[in-house]
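Quick look at start.csv (CSV, C-alpha atoms):
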```csv
chain,number,residue,atom,x,y,z
A,1,MET,CA,118.6,87.1,139.9
A,2,PRO,CA,117.9,83.5,138.8
A,3,PRO,CA,116.1,83.2,135.5
A,4,LEU,CA,112.3,83.0,135.6
A,5,PRO,CA,111.1,79.4,135.6
A,6,ILE,CA,109.6,78.3,132.3
A,7,THR,CA,105.9,77.5,132.9
A,8,PRO,CA,102.8,77.9,130.7
A,9,ALA,CA,102.0,81.1,132.6
A,10,THR,CA,105.5,82.7,132.2
A,11,LEU,CA,105.6,81.5,128.5
A,12,PHE,CA,102.3,83.3,127.9
A,13,ARG,CA,103.5,86.5,129.6
A,14,THR,CA,106.8,86.5,127.9
A,15,PHE,CA,105.5,85.9,124.4
A,16,ALA,CA,102.7,88.4,124.9
A,17,ARG,CA,105.3,91.0,125.8
A,18,MET,CA,107.2,90.1,122.7
A,19,GLY,CA,104.1,90.4,120.5
A,20,LEU,CA,103.0,93.7,122.0
A,21,ILE,CA,106.4,95.5,121.6
A,22,GLY,CA,107.1,94.1,118.1
A,23,PHE,CA,106.2,96.8,115.6
A,24,GLY,CA,106.8,95.7,112.0
A,25,GLY,CA,107.5,92.1,112.9
A,26,VAL,CA,108.4,90.3,116.1
A,27,LEU,CA,111.5,88.3,115.1
A,28,PRO,CA,114.0,91.0,116.1
A,29,TRP,CA,112.4,91.3,119.5
A,30,ALA,CA,112.3,87.5,120.1
A,31,ARG,CA,116.1,87.4,120.5
A,32,ARG,CA,116.1,90.4,122.8
A,33,VAL,CA,113.4,89.0,125.1
A,34,LEU,CA,114.3,85.3,125.2
A,35,VAL,CA,118.1,85.7,125.3
A,36,ASP,CA,118.9,89.1,126.9
A,37,GLU,CA,115.9,89.7,129.2
A,38,ARG,CA,114.9,86.2,130.3
A,39,GLY,CA,118.2,84.3,129.8
A,40,TRP,CA,116.1,81.3,128.7
A,41,LEU,CA,118.4,80.6,125.7
A,42,ASP,CA,122.0,81.5,124.7
A,43,ASP,CA,122.8,83.0,121.3
A,44,ALA,CA,123.7,79.6,119.7
A,45,GLU,CA,120.5,77.9,121.0
A,46,PHE,CA,118.5,80.8,119.7
A,47,ALA,CA,120.1,80.7,116.3
A,48,ASP,CA,119.4,76.9,116.1
A,49,LEU,CA,115.8,77.4,117.1
A,50,LEU,CA,115.4,80.2,114.6
A,51,SER,CA,117.0,78.3,111.8
A,52,THR,CA,114.7,75.3,112.3
A,53,GLY,CA,111.6,77.7,112.4
A,54,GLN,CA,112.8,79.2,109.2
A,55,ILE,CA,113.0,76.1,107.1
A,56,LEU,CA,109.6,74.9,108.1
A,57,PRO,CA,106.5,76.4,106.3
A,58,GLY,CA,104.2,78.8,108.1
A,59,PRO,CA,104.7,81.9,110.1
A,60,ASN,CA,108.3,81.6,111.4
A,61,ILE,CA,107.6,83.3,114.8
A,62,VAL,CA,104.7,81.0,115.5
A,63,ASN,CA,106.8,78.0,114.7
A,64,LEU,CA,109.4,79.3,117.1
A,65,ALA,CA,106.9,79.9,119.9
A,66,MET,CA,105.4,76.4,119.4
A,67,MET,CA,108.7,74.6,119.4
A,68,PHE,CA,110.1,76.6,122.4
A,69,GLY,CA,106.9,76.2,124.4
A,70,TYR,CA,106.7,72.5,123.7
A,71,ARG,CA,110.4,71.9,124.5
A,72,HIS,CA,110.1,73.4,128.0
A,73,ALA,CA,106.4,72.9,129.0
A,74,GLY,CA,104.8,70.4,126.7
A,75,LEU,CA,101.7,70.9,124.7
A,76,LYS,CA,100.3,73.4,127.3
A,77,GLY,CA,103.5,75.4,126.9
A,78,ALA,CA,103.3,75.4,123.1
A,79,LEU,CA,99.7,76.7,123.3
A,80,ALA,CA,100.5,79.2,126.0
A,81,ALA,CA,103.4,80.7,124.0
A,82,SER,CA,101.6,81.0,120.8
A,83,PHE,CA,98.4,82.3,122.3
A,84,GLY,CA,100.5,84.9,124.1
A,85,LEU,CA,102.2,85.8,120.9
A,86,ILE,CA,99.1,86.1,118.8
A,87,GLY,CA,96.2,86.9,121.2
A,88,PRO,CA,96.9,90.3,122.7
A,89,PRO,CA,98.2,91.9,119.5
A,90,GLY,CA,95.5,90.1,117.6
A,91,LEU,CA,92.8,91.9,119.7
A,92,ILE,CA,94.4,95.3,118.8
A,93,VAL,CA,94.5,94.5,115.1
A,94,LEU,CA,90.8,93.3,115.2
A,95,ALA,CA,89.8,96.6,117.0
A,96,LEU,CA,91.6,98.6,114.4
A,97,GLY,CA,89.9,96.5,111.7
A,98,VAL,CA,86.4,97.1,113.2
A,99,GLY,CA,87.2,100.8,113.5
A,100,TYR,CA,88.4,100.9,109.8
A,101,ARG,CA,85.0,99.7,108.6
A,102,TYR,CA,83.3,102.8,110.0
A,103,VAL,CA,85.7,105.2,108.4
A,104,ALA,CA,86.7,103.3,105.3
A,105,ASP,CA,84.8,105.6,103.0
A,106,LEU,CA,86.4,108.9,104.2
A,107,PRO,CA,88.7,110.2,101.4
A,108,ALA,CA,91.3,111.3,103.9
A,109,ILE,CA,91.4,107.8,105.5
A,110,GLN,CA,91.7,106.1,102.1
A,111,GLY,CA,94.4,108.5,101.1
A,112,ALA,CA,96.3,108.0,104.4
A,113,LEU,CA,96.1,104.2,103.9
A,114,HIS,CA,97.3,104.4,100.3
A,115,GLY,CA,100.3,106.5,101.5
A,116,MET,CA,101.1,104.0,104.2
A,117,THR,CA,100.8,101.1,101.8
A,118,ALA,CA,103.4,102.8,99.6
A,119,VAL,CA,105.8,102.8,102.5
A,120,ALA,CA,104.8,99.2,103.4
A,121,ALA,CA,105.7,98.2,99.9
A,122,GLY,CA,109.1,99.9,100.2
A,123,LEU,CA,109.7,98.1,103.5
A,124,ILE,CA,108.9,94.7,102.1
A,125,ILE,CA,111.1,95.3,99.0
A,126,LEU,CA,113.8,96.4,101.4
A,127,THR,CA,113.4,93.1,103.3
A,128,ALA,CA,113.8,91.2,100.0
A,129,ILE,CA,116.9,93.2,99.0
A,130,LYS,CA,118.6,92.7,102.4
A,131,LEU,CA,117.9,89.0,102.3
A,132,ALA,CA,119.3,88.8,98.8
A,133,LEU,CA,122.5,90.7,99.8
A,134,ALA,CA,123.1,88.2,102.7
A,135,GLN,CA,123.2,85.2,100.3
A,136,ARG,CA,126.5,84.0,99.0
A,137,GLY,CA,127.3,81.7,96.1
A,138,LEU,CA,123.8,80.7,95.2
A,139,GLY,CA,124.7,80.9,91.5
A,140,LEU,CA,122.2,79.0,89.3
A,141,ALA,CA,119.7,78.7,92.1
A,142,TRP,CA,118.8,82.3,91.4
A,143,LEU,CA,117.2,81.1,88.2
A,144,THR,CA,114.5,79.4,90.3
A,145,GLY,CA,113.9,82.7,92.1
A,146,GLY,CA,113.5,84.5,88.8
A,147,ALA,CA,111.1,81.9,87.6
A,148,ALA,CA,109.1,82.2,90.8
A,149,PHE,CA,108.8,85.9,90.4
A,150,VAL,CA,107.7,85.7,86.8
A,151,ALA,CA,105.1,83.0,87.6
A,152,VAL,CA,103.7,84.6,90.8
A,153,ALA,CA,104.0,88.4,90.2
A,154,LEU,CA,103.6,88.7,86.5
A,155,LEU,CA,101.7,85.6,85.3
A,156,ARG,CA,99.8,85.3,88.6
A,157,TRP,CA,99.8,81.6,88.6
A,158,PRO,CA,98.7,79.7,91.7
A,159,LEU,CA,101.5,79.3,94.2
A,160,LEU,CA,101.1,75.6,95.1
A,161,PRO,CA,102.0,74.1,91.6
A,162,VAL,CA,104.7,76.7,91.2
A,163,LEU,CA,106.4,75.7,94.4
A,164,ALA,CA,105.8,72.0,93.8
A,165,VAL,CA,108.0,72.4,90.7
A,166,LEU,CA,110.5,75.0,91.9
A,167,ILE,CA,111.4,73.8,95.4
A,168,PRO,CA,112.6,70.3,94.2
A,169,LEU,CA,114.4,72.0,91.3
A,170,SER,CA,116.2,74.5,93.6
A,171,LEU,CA,117.1,71.7,96.0
A,172,LEU,CA,118.6,69.7,93.1
A,173,ILE,CA,120.6,72.7,91.9
A,174,CYS,CA,121.9,73.3,95.4
A,175,LEU,CA,122.7,69.6,95.9
A,176,ILE,CA,124.7,69.4,92.7
A,177,GLY,CA,126.4,72.7,93.6
A,178,ALA,CA,127.4,71.3,97.0
A,179,ARG,CA,128.8,68.1,95.5
A,180,ARG,CA,131.2,69.9,93.3
B,1,MET,CA,79.4,78.1,106.2
B,2,THR,CA,80.7,77.2,102.7
B,3,LEU,CA,82.5,80.6,102.7
B,4,LEU,CA,84.2,79.8,106.0
B,5,LEU,CA,85.2,76.3,104.7
B,6,SER,CA,86.7,77.6,101.5
B,7,LEU,CA,88.5,80.3,103.4
B,8,PHE,CA,89.9,77.6,105.8
B,9,GLY,CA,90.9,75.4,102.9
B,10,HIS,CA,92.8,78.1,101.0
B,11,PHE,CA,94.6,79.5,104.1
B,12,ALA,CA,95.4,76.0,105.4
B,13,GLN,CA,97.0,75.1,102.1
B,14,LEU,CA,99.0,78.3,102.2
B,15,SER,CA,100.1,77.6,105.7
B,16,LEU,CA,101.8,74.4,104.4
B,17,ILE,CA,103.7,76.2,101.6
B,18,ALA,CA,104.4,79.5,103.4
B,19,PHE,CA,108.2,79.2,103.3
B,20,GLY,CA,109.4,82.6,104.3
B,21,GLY,CA,106.4,83.4,106.4
B,22,ALA,CA,102.9,84.8,105.8
B,23,SER,CA,104.2,87.8,103.7
B,24,ALA,CA,105.5,85.4,101.1
B,25,VAL,CA,102.1,84.1,100.3
B,26,LEU,CA,100.3,87.4,100.0
B,27,PRO,CA,100.2,87.3,96.2
B,28,ASP,CA,98.4,84.0,96.3
B,29,MET,CA,95.9,85.4,98.8
B,30,HIS,CA,95.3,88.3,96.5
B,31,ARG,CA,94.8,85.9,93.6
B,32,VAL,CA,92.1,84.0,95.4
B,33,LEU,CA,90.4,86.7,97.6
B,34,VAL,CA,90.4,89.6,95.1
B,35,THR,CA,90.9,88.3,91.5
B,36,GLU,CA,89.1,85.0,91.7
B,37,HIS,CA,86.2,85.4,94.2
B,38,HIS,CA,85.9,89.3,94.5
B,39,TRP,CA,85.5,88.8,98.3
B,40,LEU,CA,87.7,91.9,98.8
B,41,SER,CA,88.2,95.0,96.8
B,42,GLU,CA,91.7,96.0,95.7
B,43,SER,CA,91.9,98.8,98.3
B,44,ALA,CA,90.3,96.8,101.2
B,45,PHE,CA,93.0,94.1,100.5
B,46,ALA,CA,95.8,96.6,100.7
B,47,ALA,CA,94.3,98.5,103.6
B,48,SER,CA,94.0,95.3,105.6
B,49,TYR,CA,97.6,94.5,105.1
B,50,THR,CA,98.7,98.0,106.0
B,51,ILE,CA,96.6,98.3,109.1
B,52,ALA,CA,98.0,95.1,110.6
B,53,GLN,CA,101.5,96.3,109.7
B,54,VAL,CA,101.2,99.5,111.7
B,55,ALA,CA,99.8,97.6,114.7
B,56,PRO,CA,102.1,95.7,117.0
B,57,GLY,CA,102.4,91.9,116.7
B,58,PRO,CA,103.5,89.3,114.2
B,59,ASN,CA,103.2,90.1,110.5
B,60,LEU,CA,100.7,87.3,109.9
B,61,LEU,CA,97.9,89.1,111.8
B,62,PHE,CA,96.8,90.7,108.5
B,63,VAL,CA,94.9,87.4,107.8
B,64,LEU,CA,92.6,88.4,110.7
B,65,LEU,CA,91.5,91.5,108.8
B,66,PHE,CA,91.0,89.6,105.5
B,67,GLY,CA,88.8,87.1,107.4
B,68,LEU,CA,87.0,89.9,109.3
B,69,GLN,CA,86.1,91.7,106.1
B,70,ILE,CA,85.0,88.6,104.3
B,71,ALA,CA,83.0,86.8,107.0
B,72,GLY,CA,83.0,88.9,110.2
B,73,LEU,CA,84.5,87.7,113.5
B,74,PRO,CA,84.2,83.9,112.6
B,75,GLY,CA,86.0,84.7,109.3
B,76,ALA,CA,88.8,86.4,111.2
B,77,LEU,CA,89.3,83.4,113.6
B,78,VAL,CA,89.0,80.8,110.8
B,79,ALA,CA,91.6,82.6,108.7
B,80,LEU,CA,94.1,82.9,111.6
B,81,LEU,CA,93.5,79.3,112.7
B,82,ALA,CA,93.9,78.0,109.2
B,83,MET,CA,97.1,80.0,108.7
B,84,CYS,CA,98.7,78.7,111.9
B,85,LEU,CA,97.4,75.2,112.6
B,86,PRO,CA,98.8,73.0,109.8
B,87,SER,CA,102.3,74.6,110.0
B,88,SER,CA,102.2,74.5,113.8
B,89,LEU,CA,101.5,70.7,113.8
B,90,ILE,CA,104.5,70.2,111.6
B,91,ALA,CA,106.7,72.4,113.9
B,92,LEU,CA,105.4,70.3,116.9
B,93,ALA,CA,106.2,67.0,115.1
B,94,VAL,CA,109.7,68.2,114.2
B,95,GLU,CA,110.3,69.3,117.8
B,96,HIS,CA,108.9,66.1,119.2
B,97,TYR,CA,110.7,63.6,116.9
B,98,GLY,CA,113.5,65.4,115.4
B,99,HIS,CA,115.5,67.7,117.7
B,100,ARG,CA,117.9,65.1,119.0
B,101,HIS,CA,119.5,64.4,115.6
B,102,ARG,CA,119.5,67.6,113.8
B,103,GLU,CA,121.6,67.5,110.6
B,104,HIS,CA,123.1,70.9,110.2
B,105,ARG,CA,124.3,70.2,106.7
B,106,TRP,CA,120.8,69.4,105.5
B,107,HIS,CA,119.4,72.5,107.3
B,108,GLN,CA,121.9,74.6,105.4
B,109,LEU,CA,121.1,73.0,102.1
B,110,ILE,CA,117.4,73.4,102.5
B,111,ARG,CA,117.8,77.0,103.6
B,112,ARG,CA,120.0,77.8,100.5
B,113,ALA,CA,117.5,76.2,98.2
B,114,LEU,CA,114.5,78.0,99.7
B,115,ALA,CA,116.3,81.4,99.9
B,116,PRO,CA,115.9,82.5,96.2
B,117,LEU,CA,112.3,81.4,96.2
B,118,THR,CA,111.5,83.2,99.4
B,119,ILE,CA,113.2,86.4,98.2
B,120,ALA,CA,111.3,86.2,94.9
B,121,LEU,CA,107.9,85.8,96.7
B,122,ILE,CA,108.6,88.7,99.1
B,123,LEU,CA,109.5,90.8,96.1
B,124,ALA,CA,106.3,89.8,94.4
B,125,THR,CA,104.5,91.0,97.6
B,126,GLY,CA,106.2,94.3,97.2
B,127,VAL,CA,105.0,94.7,93.6
B,128,LEU,CA,101.5,93.8,94.7
B,129,LEU,CA,101.5,96.4,97.4
B,130,ILE,CA,102.8,99.1,95.0
B,131,ASN,CA,99.7,98.3,92.9
B,132,GLY,CA,97.5,98.5,96.0
B,133,SER,CA,98.9,101.9,96.9
B,134,ARG,CA,97.3,103.5,93.8
B,135,PRO,CA,100.7,104.5,92.5
B,136,GLY,CA,101.3,108.1,91.5
B,137,ILE,CA,104.4,110.2,91.5
B,138,VAL,CA,104.3,110.9,95.3
B,139,SER,CA,103.6,107.3,96.3
B,140,LEU,CA,106.2,105.8,94.0
B,141,THR,CA,108.7,108.3,95.4
B,142,LEU,CA,107.7,107.2,98.9
B,143,THR,CA,108.2,103.6,98.0
B,144,ALA,CA,111.6,104.3,96.5
B,145,ALA,CA,112.7,106.6,99.3
B,146,THR,CA,111.8,103.9,101.9
B,147,VAL,CA,114.0,101.4,100.1
B,148,VAL,CA,116.9,103.8,99.8
B,149,ILE,CA,116.7,105.2,103.3
B,150,GLY,CA,116.4,101.7,104.7
B,151,LEU,CA,119.5,100.6,102.9
B,152,LYS,CA,121.6,103.6,103.8
B,153,THR,CA,120.5,104.6,107.3
B,154,ARG,CA,119.1,103.2,110.5
B,155,PHE,CA,116.1,105.6,110.3
B,156,ASN,CA,113.0,104.3,112.2
B,157,PRO,CA,110.4,103.3,109.5
B,158,ILE,CA,107.6,104.5,111.7
B,159,TRP,CA,108.4,108.1,110.6
B,160,LEU,CA,108.2,107.1,107.0
B,161,ILE,CA,104.8,105.5,107.6
B,162,ALA,CA,103.7,108.7,109.4
B,163,ALA,CA,104.9,110.7,106.4
B,164,GLY,CA,103.0,108.4,104.0
B,165,ALA,CA,99.8,108.8,106.0
B,166,LEU,CA,100.1,112.5,106.1
B,167,LEU,CA,100.8,113.0,102.4
B,168,GLY,CA,98.1,110.5,101.5
B,169,ALA,CA,95.5,112.1,103.8
B,170,PHE,CA,96.0,115.4,101.9
B,171,GLY,CA,95.3,113.6,98.7
B,172,TRP,CA,98.8,113.7,97.2
B,173,ARG,CA,99.5,110.6,95.1
```

As structure tokens, the full file:
Amino acid sequence: MPPLPITPATLFRTFARMGLIGFGGVLPWARRVLVDERGWLDDAEFADLLSTGQILPGPNIVNLAMMFGYRHAGLKGALAASFGLIGPPGLIVLALGVGYRYVADLPAIQGALHGMTAVAAGLIILTAIKLALAQRGLGLAWLTGGAAFVAVALLRWPLLPVLAVLIPLSLLICLIGARR
Amino acid sequence: MTLLLSLFGHFAQLSLIAFGGASAVLPDMHRVLVTEHHWLSESAFAASYTIAQVAPGPNLLFVLLFGLQIAGLPGALVALLAMCLPSSLIALAVEHYGHRHREHRWHQLIRRALAPLTIALILATGVLLINGSRPGIVSLTLTAATVVIGLKTRFNPIWLIAAGALLGAFGWR
């Protein structure tokens, strides 16, 4: 079967599918849908797109949708892909949020949400640990990570000035490390 | 209107510094929405994040629920738009001007420099959520068990979330 042509309509449908099946984050599903199901990208192209999306600020998956949509179908494509990705699951989240307002005072609901938040905390710490284990030879650059944690988690300083200092510092450390 | 504008301003700023995605800037959202302005209570903040997390879709959708609770439907849309628009414009510009001459060496350098910062911020989000879960023996055990199980097995986290909901609903902390 020839691959589906890439148009704003197929972009919307494809990214909507990705958004609706992606529990706990969409990124793992993006590869499956774009590479395996649609055949719109090969693995190397996907890795390249993902790596660009990841060094840019903002939600990675939205960056990816924007860039992929724009590359293949212009501005309309970029909008179709990101609306597909965000719109349908966004409606579900909004519906849950409206429902929550009616039951927020029930002790059982509060308790259930606290229990789920405890697991969500574990999942996000797990993400951080897995990311850390995947890094090699960062050496001194970890100091900037430690400083960021102290500043944001313990001292609760605003993020903007913290990153304005630590990103250049970390770049400098990595640059010197790479020269040696 | 001023409320919507300041919501837009804060989230748009975070969109531009959200290296590592929306979850990395959760502590700064907490600082502004809960600590500084008292727009959200501690438990409404945590609940919003968790509800969006158990629904399908990209992680960033929790900003919809922050906006919804602070300023209704307009608030939800403003929060989502502010979180996506600035960074999307950068992504479009990079795609439009940059993708012919990508320098992979620079990519790698930037990614290496950002990695420790991203990891630290995600960890800070984890600590924040532990606070939001009203930690007791049961919930701290749940958090720790989730980390250990996630590292050692390929167990589907949805079952852990269900277990957390059940234990919590019975009032065990």

Residue nearest Ala82 of chain B - candidates A:Leu171, A:Pro59, A:Tyr100, A:Ala120, atoms counted: all atoms listed in the file: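 Going through A:Leu171, A:Pro59, A:Tyr100, A:Ala120 one by one, the smallest distance to Ala82 of chain B is for A:Pro59.
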
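With only C-alpha atoms as the basis for measurement, A:His72 is the residue among A:Pro158, A:His72, A:Ala65, A:Glu45 that approaches Pro5 of chain A most closely.
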
Residues near segment 162-164 of chain B, anyone? I mean within 12 Å using only C-alpha atoms, not counting same-chain ones fewer than 6 positions away, as a ChimeraX atom specification. /A:109-122 /B:50,54,133,138-143,145-146,156,170-173

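Of the listed residues A:Met66, A:Leu126, A:Leu79, A:Met18, the one whose atoms come nearest to Ala144 of chain B is A:Leu126, with distances taken using only C-alpha atoms.
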
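Among the candidate residues B:Asn131, B:Ile122, B:Gln108, B:Ala165, the one lying nearest to Ala178 of chain A is B:Gln108, with distances computed using all atoms listed in the file.
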
From the options A:Gly146, A:Pro28, A:Gly39, A:Pro3, which residue's atoms come nearest to chain B, counting only C-alpha atoms? A:Gly146
